[in-house]
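structure.tsv (TSV, C-alpha atoms)
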```tsv
chain	number	residue	atom	x	y	z
R	6	MET	CA	5.37	4.34	110.12
R	7	PRO	CA	4.61	3.49	113.74
R	8	THR	CA	6.97	1.73	116.08
R	9	ALA	CA	6.93	-2.07	116.16
R	10	VAL	CA	5.24	-4.14	118.81
R	11	ALA	CA	4.72	-7.73	117.67
R	12	LEU	CA	3.01	-9.67	120.46
R	13	THR	CA	3.26	-13.43	120.17
R	14	ALA	CA	2.27	-16.54	122.09
R	15	ALA	CA	2.60	-20.21	121.12
R	16	LEU	CA	1.96	-21.61	117.64
R	17	GLY	CA	2.06	-18.12	116.18
R	18	LEU	CA	-1.01	-17.08	118.18
R	19	ALA	CA	-0.48	-13.36	117.98
R	20	LEU	CA	-2.07	-10.02	118.70
R	21	SER	CA	-0.20	-7.16	117.19
R	22	GLY	CA	-0.31	-3.46	117.67
R	23	CYS	CA	1.39	-0.68	115.79
R	24	GLY	CA	4.48	-1.97	114.09
R	25	THR	CA	7.37	-2.05	111.69
R	26	ALA	CA	9.51	-5.08	110.97
R	27	ALA	CA	12.22	-6.27	108.63
R	28	THR	CA	10.96	-7.52	105.28
R	29	GLN	CA	12.31	-9.81	102.65
R	30	ALA	CA	11.63	-10.11	98.95
R	31	GLY	CA	9.53	-12.99	97.68
R	32	ARG	CA	7.43	-14.29	94.86
R	33	ASP	CA	5.06	-12.19	92.81
R	34	ALA	CA	1.39	-13.13	92.49
R	35	ASP	CA	-1.54	-12.74	90.14
R	36	SER	CA	-3.58	-9.58	90.59
R	37	ARG	CA	-7.02	-8.41	89.69
R	38	ALA	CA	-8.96	-5.21	90.29
R	39	SER	CA	-12.57	-4.19	90.20
R	40	ALA	CA	-12.94	-0.89	88.44
R	41	GLY	CA	-13.77	2.16	90.50
R	42	ALA	CA	-13.07	5.82	90.81
R	43	GLY	CA	-10.92	5.46	93.95
R	44	GLY	CA	-7.71	7.46	94.14
R	45	GLY	CA	-4.09	6.47	93.84
R	46	HIS	CA	-2.09	5.25	90.86
R	47	GLY	CA	-3.66	1.98	89.74
R	48	GLY	CA	-0.43	0.30	88.72
R	49	ALA	CA	1.40	1.32	91.91
R	50	VAL	CA	-1.46	0.07	94.08
R	51	ARG	CA	-1.69	-3.25	92.25
R	52	GLY	CA	2.07	-3.70	92.45
R	53	ALA	CA	2.10	-2.94	96.18
R	54	VAL	CA	-0.67	-5.49	96.82
R	55	ARG	CA	1.30	-8.17	94.95
R	56	ARG	CA	4.40	-7.34	96.99
R	57	LEU	CA	2.42	-7.42	100.23
R	58	ALA	CA	1.44	-11.02	99.58
R	59	ALA	CA	5.03	-11.91	98.70
R	60	GLN	CA	6.71	-10.07	101.58
R	61	GLY	CA	4.11	-11.28	104.07
R	62	ASP	CA	4.50	-14.87	102.88
R	63	ALA	CA	0.73	-14.93	102.35
R	64	PRO	CA	-1.21	-16.84	99.68
R	65	GLY	CA	-3.26	-13.70	99.09
R	66	ALA	CA	-3.70	-10.00	99.83
R	67	ALA	CA	-6.53	-7.55	99.22
R	68	VAL	CA	-7.12	-3.82	99.64
R	69	LEU	CA	-10.26	-1.68	99.64
R	70	ILE	CA	-9.91	2.06	99.05
R	71	ARG	CA	-12.73	4.59	99.50
R	72	ARG	CA	-12.93	8.29	98.77
R	73	ALA	CA	-15.99	10.27	99.78
R	74	GLY	CA	-17.69	11.21	96.54
R	75	GLY	CA	-14.95	9.49	94.58
R	76	GLY	CA	-15.92	5.84	94.42
R	77	THR	CA	-14.41	2.62	95.70
R	78	ARG	CA	-11.52	0.50	94.48
R	79	PHE	CA	-10.93	-3.16	95.39
R	80	VAL	CA	-7.70	-4.91	94.40
R	81	ALA	CA	-6.79	-8.50	95.27
R	82	SER	CA	-3.77	-10.66	94.56
R	83	GLY	CA	-3.24	-14.39	94.97
R	84	VAL	CA	-5.76	-16.81	96.44
R	85	ALA	CA	-7.99	-17.19	99.49
R	86	ASP	CA	-7.65	-20.98	99.53
R	87	VAL	CA	-4.48	-22.74	98.41
R	88	ARG	CA	-6.30	-26.06	97.99
R	89	THR	CA	-9.14	-24.91	95.75
R	90	GLY	CA	-7.58	-21.80	94.21
R	91	ARG	CA	-10.56	-19.68	95.29
R	92	ARG	CA	-9.90	-15.96	94.91
R	93	ILE	CA	-10.25	-13.41	97.72
R	94	HIS	CA	-13.69	-11.78	97.64
R	95	ARG	CA	-14.44	-8.26	98.78
R	96	SER	CA	-17.15	-9.60	101.12
R	97	ASP	CA	-14.92	-12.19	102.83
R	98	HIS	CA	-14.85	-12.27	106.63
R	99	PHE	CA	-11.50	-12.52	108.42
R	100	ARG	CA	-10.02	-12.10	111.89
R	101	ALA	CA	-9.00	-8.48	112.49
R	102	GLY	CA	-6.87	-8.93	115.64
R	103	SER	CA	-6.00	-5.72	117.46
R	104	LEU	CA	-8.37	-3.60	115.41
R	105	THR	CA	-10.67	-4.81	118.21
R	106	LYS	CA	-8.96	-2.18	120.36
R	107	THR	CA	-10.33	0.62	118.19
R	108	VAL	CA	-13.87	-0.59	118.91
R	109	ILE	CA	-13.24	-1.12	122.65
R	110	ALA	CA	-11.67	2.33	122.97
R	111	THR	CA	-14.68	3.83	121.19
R	112	VAL	CA	-17.10	2.09	123.56
R	113	THR	CA	-15.10	3.22	126.61
R	114	LEU	CA	-14.96	6.83	125.43
R	115	ARG	CA	-18.69	6.84	124.71
R	116	LEU	CA	-19.27	5.75	128.30
R	117	ALA	CA	-16.98	8.57	129.43
R	118	ALA	CA	-18.95	11.08	127.34
R	119	GLN	CA	-22.16	9.79	128.95
R	120	GLY	CA	-20.69	10.31	132.43
R	121	ARG	CA	-20.83	6.59	133.25
R	122	LEU	CA	-17.10	6.44	133.93
R	123	GLY	CA	-14.21	8.89	134.06
R	124	LEU	CA	-10.89	8.61	132.29
R	125	ASP	CA	-9.18	9.30	135.60
R	126	ASP	CA	-11.17	6.63	137.44
R	127	THR	CA	-8.89	3.98	138.86
R	128	LEU	CA	-9.13	0.30	138.08
R	129	GLU	CA	-9.82	-0.29	141.75
R	130	GLU	CA	-13.03	1.74	141.52
R	131	HIS	CA	-14.48	-0.58	138.88
R	132	LEU	CA	-12.71	-3.89	139.52
R	133	PRO	CA	-11.88	-3.80	143.24
R	134	GLY	CA	-9.12	-6.09	144.40
R	135	LEU	CA	-8.43	-7.61	140.98
R	136	VAL	CA	-5.10	-5.99	140.11
R	137	ARG	CA	-2.79	-6.55	143.08
R	138	GLY	CA	0.52	-8.25	143.78
R	139	ARG	CA	4.10	-8.35	142.48
R	140	GLY	CA	4.16	-4.57	142.32
R	141	ASN	CA	0.85	-4.29	140.44
R	142	ASP	CA	-1.78	-2.08	142.05
R	143	GLY	CA	-5.11	-1.17	140.45
R	144	ARG	CA	-5.43	1.77	142.85
R	145	ASN	CA	-2.72	3.55	140.86
R	146	ILE	CA	-3.88	2.69	137.32
R	147	THR	CA	-6.48	4.79	135.50
R	148	MET	CA	-8.79	4.21	132.56
R	149	ARG	CA	-6.71	6.74	130.62
R	150	GLN	CA	-3.56	4.68	131.19
R	151	LEU	CA	-5.25	1.49	130.02
R	152	LEU	CA	-6.49	3.21	126.87
R	153	ASN	CA	-3.14	4.73	125.91
R	154	HIS	CA	-0.92	1.84	127.09
R	155	THR	CA	0.86	3.71	129.87
R	156	SER	CA	-0.31	1.41	132.70
R	157	GLY	CA	2.94	-0.57	132.78
R	158	LEU	CA	1.03	-3.85	133.11
R	159	PHE	CA	2.77	-6.94	131.72
R	160	ASP	CA	1.39	-8.23	128.41
R	161	TYR	CA	-0.07	-11.67	129.09
R	162	THR	CA	0.75	-12.84	125.54
R	163	GLU	CA	4.44	-12.68	126.45
R	164	ASP	CA	4.05	-15.20	129.29
R	165	PRO	CA	5.98	-18.42	128.41
R	166	VAL	CA	3.77	-20.66	130.56
R	167	LEU	CA	0.65	-19.48	128.74
R	168	ALA	CA	2.45	-20.02	125.43
R	169	ARG	CA	3.10	-23.66	126.31
R	170	GLN	CA	-0.51	-24.13	127.43
R	171	LEU	CA	-1.82	-22.68	124.17
R	172	SER	CA	0.54	-24.95	122.26
R	173	ALA	CA	-0.89	-28.00	124.02
R	174	ALA	CA	-4.55	-26.93	123.72
R	175	ALA	CA	-4.83	-24.10	121.22
R	176	ASP	CA	-8.63	-24.36	121.01
R	177	GLY	CA	-9.22	-24.12	124.77
R	178	THR	CA	-11.32	-21.33	126.28
R	179	ARG	CA	-9.63	-18.58	128.26
R	180	THR	CA	-11.56	-16.18	130.48
R	181	PRO	CA	-10.59	-12.50	130.80
R	182	THR	CA	-9.89	-13.02	134.50
R	183	SER	CA	-7.49	-15.87	133.76
R	184	LEU	CA	-5.62	-13.75	131.22
R	185	VAL	CA	-5.29	-10.89	133.70
R	186	ARG	CA	-4.09	-13.26	136.41
R	187	THR	CA	-1.42	-14.52	134.02
R	188	ALA	CA	-0.21	-10.94	133.54
R	189	LEU	CA	-0.16	-10.38	137.30
R	190	THR	CA	2.32	-13.19	137.87
R	191	HIS	CA	4.85	-10.70	136.45
R	192	ARG	CA	6.06	-7.40	137.77
R	193	PRO	CA	4.96	-4.33	135.82
R	194	TYR	CA	7.22	-2.92	133.13
R	195	PHE	CA	7.24	0.48	134.86
R	196	ALA	CA	5.23	2.63	137.27
R	197	PRO	CA	1.84	3.71	135.85
R	198	GLY	CA	2.00	6.84	133.74
R	199	THR	CA	5.78	7.05	133.53
R	200	LYS	CA	6.39	5.38	130.15
R	201	TRP	CA	4.61	3.82	127.18
R	202	ARG	CA	4.48	0.14	126.22
R	203	TYR	CA	1.79	-1.67	124.24
R	204	SER	CA	0.11	-4.38	126.31
R	205	ASN	CA	-2.92	-6.51	125.43
R	206	THR	CA	-3.68	-6.80	129.16
R	207	ASN	CA	-4.85	-3.18	129.14
R	208	TYR	CA	-7.72	-3.86	126.74
R	209	VAL	CA	-8.76	-7.13	128.34
R	210	LEU	CA	-9.24	-5.07	131.52
R	211	LEU	CA	-11.18	-2.40	129.63
R	212	GLY	CA	-13.55	-5.11	128.40
R	213	MET	CA	-14.12	-6.15	132.01
R	214	VAL	CA	-14.72	-2.53	133.05
R	215	VAL	CA	-17.30	-2.07	130.28
R	216	GLN	CA	-19.21	-5.09	131.57
R	217	ARG	CA	-19.04	-3.87	135.18
R	218	VAL	CA	-20.26	-0.37	134.25
R	219	THR	CA	-23.04	-1.37	131.83
R	220	GLY	CA	-24.11	-4.81	133.04
R	221	ARG	CA	-23.58	-6.07	129.49
R	222	SER	CA	-20.63	-7.81	127.87
R	223	TYR	CA	-18.24	-5.62	125.92
R	224	ALA	CA	-19.42	-7.43	122.78
R	225	GLU	CA	-23.08	-6.55	123.38
R	226	GLN	CA	-22.20	-2.97	124.33
R	227	ALA	CA	-20.12	-2.63	121.17
R	228	ARG	CA	-23.02	-3.89	119.06
R	229	ARG	CA	-25.30	-1.27	120.63
R	230	GLU	CA	-22.87	1.65	120.61
R	231	VAL	CA	-20.67	1.12	117.54
R	232	LEU	CA	-21.49	-1.78	115.21
R	233	GLY	CA	-25.22	-1.03	115.07
R	234	PRO	CA	-25.05	2.75	114.56
R	235	LEU	CA	-22.37	2.36	111.86
R	236	ARG	CA	-24.23	-0.56	110.23
R	237	LEU	CA	-21.21	-2.85	110.43
R	238	HIS	CA	-23.24	-5.94	109.64
R	239	GLY	CA	-20.19	-8.02	108.71
R	240	THR	CA	-18.43	-7.43	112.03
R	241	SER	CA	-18.81	-9.65	115.08
R	242	PHE	CA	-17.29	-10.75	118.36
R	243	PRO	CA	-17.12	-14.55	118.10
R	244	GLY	CA	-16.41	-15.21	121.79
R	245	THR	CA	-15.54	-18.91	121.82
R	246	ARG	CA	-16.92	-19.69	118.36
R	247	THR	CA	-14.12	-21.27	116.34
R	248	THR	CA	-15.52	-20.82	112.82
R	249	LEU	CA	-15.75	-17.75	110.60
R	250	PRO	CA	-19.04	-16.48	109.12
R	251	ALA	CA	-19.64	-17.08	105.43
R	252	PRO	CA	-18.27	-16.07	103.05
R	253	HIS	CA	-14.64	-16.53	104.00
R	254	GLY	CA	-11.42	-17.93	102.68
R	255	ARG	CA	-8.77	-19.74	104.69
R	256	ALA	CA	-6.11	-18.48	107.10
R	257	TYR	CA	-2.53	-19.75	107.19
R	258	THR	CA	0.64	-19.66	109.22
R	259	ARG	CA	3.99	-21.39	109.26
R	260	GLU	CA	4.91	-23.36	112.35
R	261	SER	CA	8.40	-22.68	113.64
R	262	ARG	CA	10.35	-23.04	116.82
R	263	THR	CA	10.09	-20.09	119.22
R	264	PRO	CA	12.70	-19.70	121.96
R	265	ASP	CA	10.29	-19.16	124.84
R	266	SER	CA	7.50	-21.59	124.00
R	267	GLY	CA	9.60	-24.50	122.77
R	268	VAL	CA	7.18	-24.99	119.84
R	269	ARG	CA	8.85	-26.94	117.07
R	270	GLY	CA	7.90	-26.93	113.43
R	271	ASP	CA	9.24	-27.68	109.98
R	272	GLY	CA	8.20	-24.37	108.45
R	273	ALA	CA	5.31	-25.93	106.53
R	274	ARG	CA	2.24	-23.78	105.88
R	275	ARG	CA	-0.70	-24.77	108.09
R	276	ASP	CA	-4.39	-23.94	107.80
R	277	VAL	CA	-5.43	-22.19	111.04
R	278	THR	CA	-8.80	-20.85	109.93
R	279	ASP	CA	-10.68	-22.38	112.86
R	280	LEU	CA	-9.52	-21.25	116.28
R	281	ASN	CA	-10.97	-20.25	119.64
R	282	PRO	CA	-10.26	-16.51	119.95
R	283	SER	CA	-11.10	-16.26	123.65
R	284	TYR	CA	-7.38	-15.87	124.43
R	285	ALA	CA	-7.60	-12.58	122.53
R	286	GLY	CA	-10.87	-11.30	124.00
R	287	ALA	CA	-11.34	-7.54	124.12
R	288	ALA	CA	-7.75	-7.13	122.91
R	289	GLY	CA	-8.19	-8.93	119.60
R	290	GLU	CA	-11.13	-11.26	118.91
R	291	LEU	CA	-12.95	-9.16	116.28
R	292	VAL	CA	-14.06	-10.66	112.95
R	293	SER	CA	-14.77	-8.16	110.17
R	294	THR	CA	-14.65	-7.34	106.45
R	295	LEU	CA	-12.71	-4.75	104.46
R	296	ASP	CA	-15.88	-2.71	103.89
R	297	ASP	CA	-16.71	-2.67	107.59
R	298	LEU	CA	-13.21	-1.66	108.65
R	299	SER	CA	-13.36	1.18	106.15
R	300	HIS	CA	-16.73	2.34	107.52
R	301	LEU	CA	-15.48	2.01	111.10
R	302	LEU	CA	-12.55	4.38	110.52
R	303	SER	CA	-14.62	6.78	108.45
R	304	GLY	CA	-17.48	6.95	110.95
R	305	LEU	CA	-15.15	7.29	113.91
R	306	LEU	CA	-13.00	10.08	112.47
R	307	ARG	CA	-16.03	11.97	111.21
R	308	GLY	CA	-17.33	12.12	114.78
R	309	THR	CA	-20.34	9.88	114.14
R	310	VAL	CA	-19.87	7.59	117.15
R	311	VAL	CA	-17.90	9.65	119.67
R	312	PRO	CA	-18.18	13.37	120.45
R	313	ARG	CA	-15.41	15.63	119.21
R	314	ALA	CA	-13.87	16.04	122.67
R	315	GLU	CA	-13.47	12.28	123.05
R	316	LEU	CA	-12.17	11.97	119.49
R	317	ARG	CA	-9.45	14.46	120.38
R	318	GLN	CA	-8.53	12.19	123.29
R	319	MET	CA	-8.28	9.22	120.92
R	320	ARG	CA	-5.76	11.16	118.80
R	321	ASN	CA	-3.79	12.58	121.71
R	322	THR	CA	-0.37	10.91	121.55
R	323	SER	CA	1.41	13.10	124.12
R	324	ALA	CA	1.71	10.25	126.66
R	325	SER	CA	3.40	7.94	124.14
R	326	ASP	CA	5.83	10.34	122.50
R	327	GLY	CA	3.69	10.40	119.38
R	328	GLN	CA	3.27	6.64	118.98
R	329	TYR	CA	-0.28	5.88	120.16
R	330	GLY	CA	-3.47	7.62	121.21
R	331	MET	CA	-6.46	5.63	122.48
R	332	GLY	CA	-7.33	2.81	120.12
R	333	LEU	CA	-5.77	4.76	117.23
R	334	PHE	CA	-2.22	5.51	116.16
R	335	PRO	CA	-0.79	7.95	113.60
R	336	VAL	CA	0.84	6.77	110.39
R	337	ARG	CA	3.14	9.49	109.06
R	338	LEU	CA	4.03	9.28	105.39
R	339	SER	CA	7.12	10.74	103.71
R	340	CYS	CA	5.01	13.29	101.82
R	341	GLY	CA	3.88	14.89	105.08
R	342	VAL	CA	0.43	13.27	105.20
R	343	THR	CA	-0.63	11.76	108.55
R	344	LEU	CA	-3.22	8.99	108.61
R	345	TRP	CA	-5.01	7.53	111.63
R	346	GLY	CA	-5.95	3.92	112.22
R	347	HIS	CA	-4.84	0.63	113.70
R	348	ASN	CA	-3.50	-2.73	112.62
R	349	GLY	CA	-4.13	-6.23	113.89
R	350	GLU	CA	-2.54	-9.64	113.76
R	351	ILE	CA	-3.94	-12.90	115.01
R	352	ASN	CA	-3.08	-16.44	114.02
R	353	GLY	CA	-3.43	-16.63	110.22
R	354	SER	CA	-4.44	-13.03	109.56
R	355	TYR	CA	-2.99	-9.53	109.33
R	356	ALA	CA	-4.96	-6.33	108.65
R	357	LEU	CA	-4.50	-2.58	108.63
R	358	ALA	CA	-7.17	0.12	108.38
R	359	VAL	CA	-6.31	3.82	108.10
R	360	ALA	CA	-7.99	7.07	107.08
R	361	THR	CA	-7.26	10.74	106.59
R	362	PRO	CA	-8.03	12.86	109.69
R	363	ASP	CA	-11.43	13.89	108.30
R	364	GLY	CA	-12.39	10.25	107.64
R	365	ARG	CA	-13.21	10.95	103.99
R	366	HIS	CA	-10.46	8.82	102.44
R	367	THR	CA	-9.89	5.32	103.81
R	368	LEU	CA	-7.77	2.29	103.03
R	369	ALA	CA	-8.13	-1.19	104.54
R	370	TYR	CA	-6.03	-4.16	103.54
R	371	ARG	CA	-5.52	-7.72	104.69
R	372	LEU	CA	-3.27	-10.75	104.30
R	373	ASN	CA	-4.49	-14.31	104.86
R	374	SER	CA	-1.40	-15.31	106.80
R	375	THR	CA	0.33	-14.48	110.05
R	376	ALA	CA	2.77	-11.75	109.00
R	377	ALA	CA	5.01	-9.20	110.63
R	378	SER	CA	3.74	-5.65	110.38
R	379	GLY	CA	5.65	-2.82	108.73
R	380	LEU	CA	6.26	-4.52	105.39
R	381	ALA	CA	8.00	-2.26	102.89
R	382	ALA	CA	5.11	-2.82	100.49
R	383	GLU	CA	2.73	-1.49	103.15
R	384	THR	CA	4.48	1.86	103.04
R	385	SER	CA	4.48	1.75	99.23
R	386	LEU	CA	0.75	1.06	99.18
R	387	LEU	CA	-0.09	3.92	101.54
R	388	GLU	CA	2.13	6.39	99.74
R	389	ALA	CA	0.79	5.38	96.32
R	390	GLU	CA	-2.72	6.11	97.54
R	391	PHE	CA	-2.36	9.09	99.87
R	392	CYS	CA	0.68	11.01	98.61
R	393	PRO	CA	-0.07	13.33	95.70
R	394	PRO	CA	1.97	12.71	92.55
R	395	ARG	CA	4.97	14.94	92.07
```

In structure tokens, what does this structure look like?
Amino acid sequence: MPTAVALTAALGLALSGCGTAATQAGRDADSRASAGAGGGHGGAVRGAVRRLAAQGDAPGAAVLIRRAGGGTRFVASGVADVRTGRRIHRSDHFRAGSLTKTVIATVTLRLAAQGRLGLDDTLEEHLPGLVRGRGNDGRNITMRQLLNHTSGLFDYTEDPVLARQLSAAADGTRTPTSLVRTALTHRPYFAPGTKWRYSNTNYVLLGMVVQRVTGRSYAEQARREVLGPLRLHGTSFPGTRTTLPAPHGRAYTRESRTPDSGVRGDGARRDVTDLNPSYAGAAGELVSTLDDLSHLLSGLLRGTVVPRAELRQMRNTSASDGQYGMGLFPVRLSCGVTLWGHNGEINGSYALAVATPDGRHTLAYRLNSTAASGLAAETSLLEAEFCPPR
């Protein structure tokens, strides 16, 4: 499994990238499955989904599995709403967090394929004068380094001042420029291109570059270049809209004290369904469905939305010592199978979408609670589905 990077601000407002984390055992939950011809061992998949809800301290979990020519399988455990007992539906919308990066990387690489920008263009060429100060210099940072997280730029979600501000006004609007300026109050982690470290600041900047190059917002460009062609009708960029599209369940988190933010809580579960995702922006604001995430990975890896040369760039992990490409990371299973995809965490939601390299076999799952990535049941689920029986 990929290396952990859990990125957190106040009140559990989080954007996560590739990750593993310690897990703990918990309660079991009811399960149900809609029949289908999808692969994997049914009992092992159902058991892993139940454990995901328990280990992730989530009221519910759901997985959608697709095999080209082999049908679809949907399995859900627990509830979408703890007050009403409503079950999780396959068509439910939810916040997909850093899976937004997969879409933004795809848009950026399409622009590169069209000759509208170059991967070795510097930030200064597209956003002159923006990234300067405290050792940060956009003249030395390239599009390639933003895409593969080798820019060295500080992750704005780790800023303690921003965490306190979000705690005081969690539904306030944040502009991309303000998020970048927060990052620039800190020195870079390292010189551009010398190391790898996941940073949400990189993709906020890519969203700004897309707008500068095209004259359209990254959301509109993504609708034209990715969501439309792949018919991802359940996927959207909410901007500052606080509500989820129907149908949807609820999203939950537990409030607790964090050392940097000073947020205090009693550990009670809170409903955080409605929130202003502008603090996430191009790094994590996406709303989607399990079906759409499955189609996104399948279409991308089949070469439907980016040319093969750019797809190879997305899966080139040489700059990160095998950890991350461009909007995709590898998930290596014990049986020797390597999957490609991304995960995402935002307040009240965790999701993972992966596929085989040819895009013909996909798995997308979600929890309706803020949860650390890398749960043991996540590995069990993936291996039950993608590792052939011995």

Next on the checklist: For a quick check of your reading of the model, name the residues lying within 12 Å of the coordinate (-8.0, -17.8, 95.9), counting only C-alpha atoms, and write them as JSON, numbers by chain.
Outcome noted: {"R": [34, 35, 36, 37, 63, 64, 65, 66, 67, 81, 82, 83, 84, 85, 86, 87, 88, 89, 90, 91, 92, 93, 94, 95, 97, 253, 254, 255, 256, 372, 373]}

Once 6 Å is added on each side, what are the centre and the three edge lengths, in Å to one decimal, of the axis-aligned box enclosing the listed atoms of stretch 294-299 of chain R? Present them as lines of an AutoDock Vina configuration file.
```
center_x = -14.7
center_y = -3.1
center_z = 106.3
size_x = 16.0
size_y = 20.5
size_z = 16.8
```

Checklist entry - For R:Arg317, which residue out of R:Leu114, R:Val136, R:Leu249, R:Ile146 is the nearest one, using only C-alpha atoms? => result R:Leu114

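The coordinates place atom CA of R:Gly61 at 25.6 Å from atom CA of R:Val108.
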
Next on the checklist: Restricting the calculation to only C-alpha atoms: of R:Pro252, R:Gly272, R:Pro282, R:Gly138, which residue gets closest to R:Arg192?
Outcome noted: R:Gly138

Checklist entry - What would the list of residues within 7 Å of (3.3, -6.3, 129.8) (file frame) look like as a VMD selection string, if all atoms listed in the file are what count? => result chain R and resid 157 to 161 188 193 to 194 204

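Between atom CA of R:Leu344 and atom CA of R:Pro362 lies a distance of 6.3 Å.
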
Checklist entry - Any idea what's packed within 6 Å of stretch 289-303 of chain R, counting all atoms listed in the file, ignoring anything in its chain fewer than 6 positions away? Could you give it as a ChimeraX atom specification? => result /R:98-103,105,237,239-242,282,364,367,369

Go ahead and write the residues just picked, C-alpha atoms, as a JSON list (two decimals), in the frame of the given file.
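Output file out37.json follows:
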```json
[["chain", "number", "residue", "atom", "x", "y", "z"],
["R", 98, "HIS", "CA", -14.85, -12.27, 106.63],
["R", 99, "PHE", "CA", -11.50, -12.52, 108.42],
["R", 100, "ARG", "CA", -10.02, -12.10, 111.89],
["R", 101, "ALA", "CA", -9.00, -8.48, 112.49],
["R", 102, "GLY", "CA", -6.87, -8.93, 115.64],
["R", 103, "SER", "CA", -6.00, -5.72, 117.46],
["R", 105, "THR", "CA", -10.67, -4.81, 118.21],
["R", 237, "LEU", "CA", -21.21, -2.85, 110.43],
["R", 239, "GLY", "CA", -20.19, -8.02, 108.71],
["R", 240, "THR", "CA", -18.43, -7.43, 112.03],
["R", 241, "SER", "CA", -18.81, -9.65, 115.08],
["R", 242, "PHE", "CA", -17.29, -10.75, 118.36],
["R", 282, "PRO", "CA", -10.26, -16.51, 119.95],
["R", 364, "GLY", "CA", -12.39, 10.25, 107.64],
["R", 367, "THR", "CA", -9.89, 5.32, 103.81],
["R", 369, "ALA", "CA", -8.13, -1.19, 104.54]]
```

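Of the listed residues (R:Tyr370, R:Tyr203, R:Tyr284, R:Tyr355), R:Tyr203 comes nearest to R:Gly332; the distances count all atoms listed in the file.
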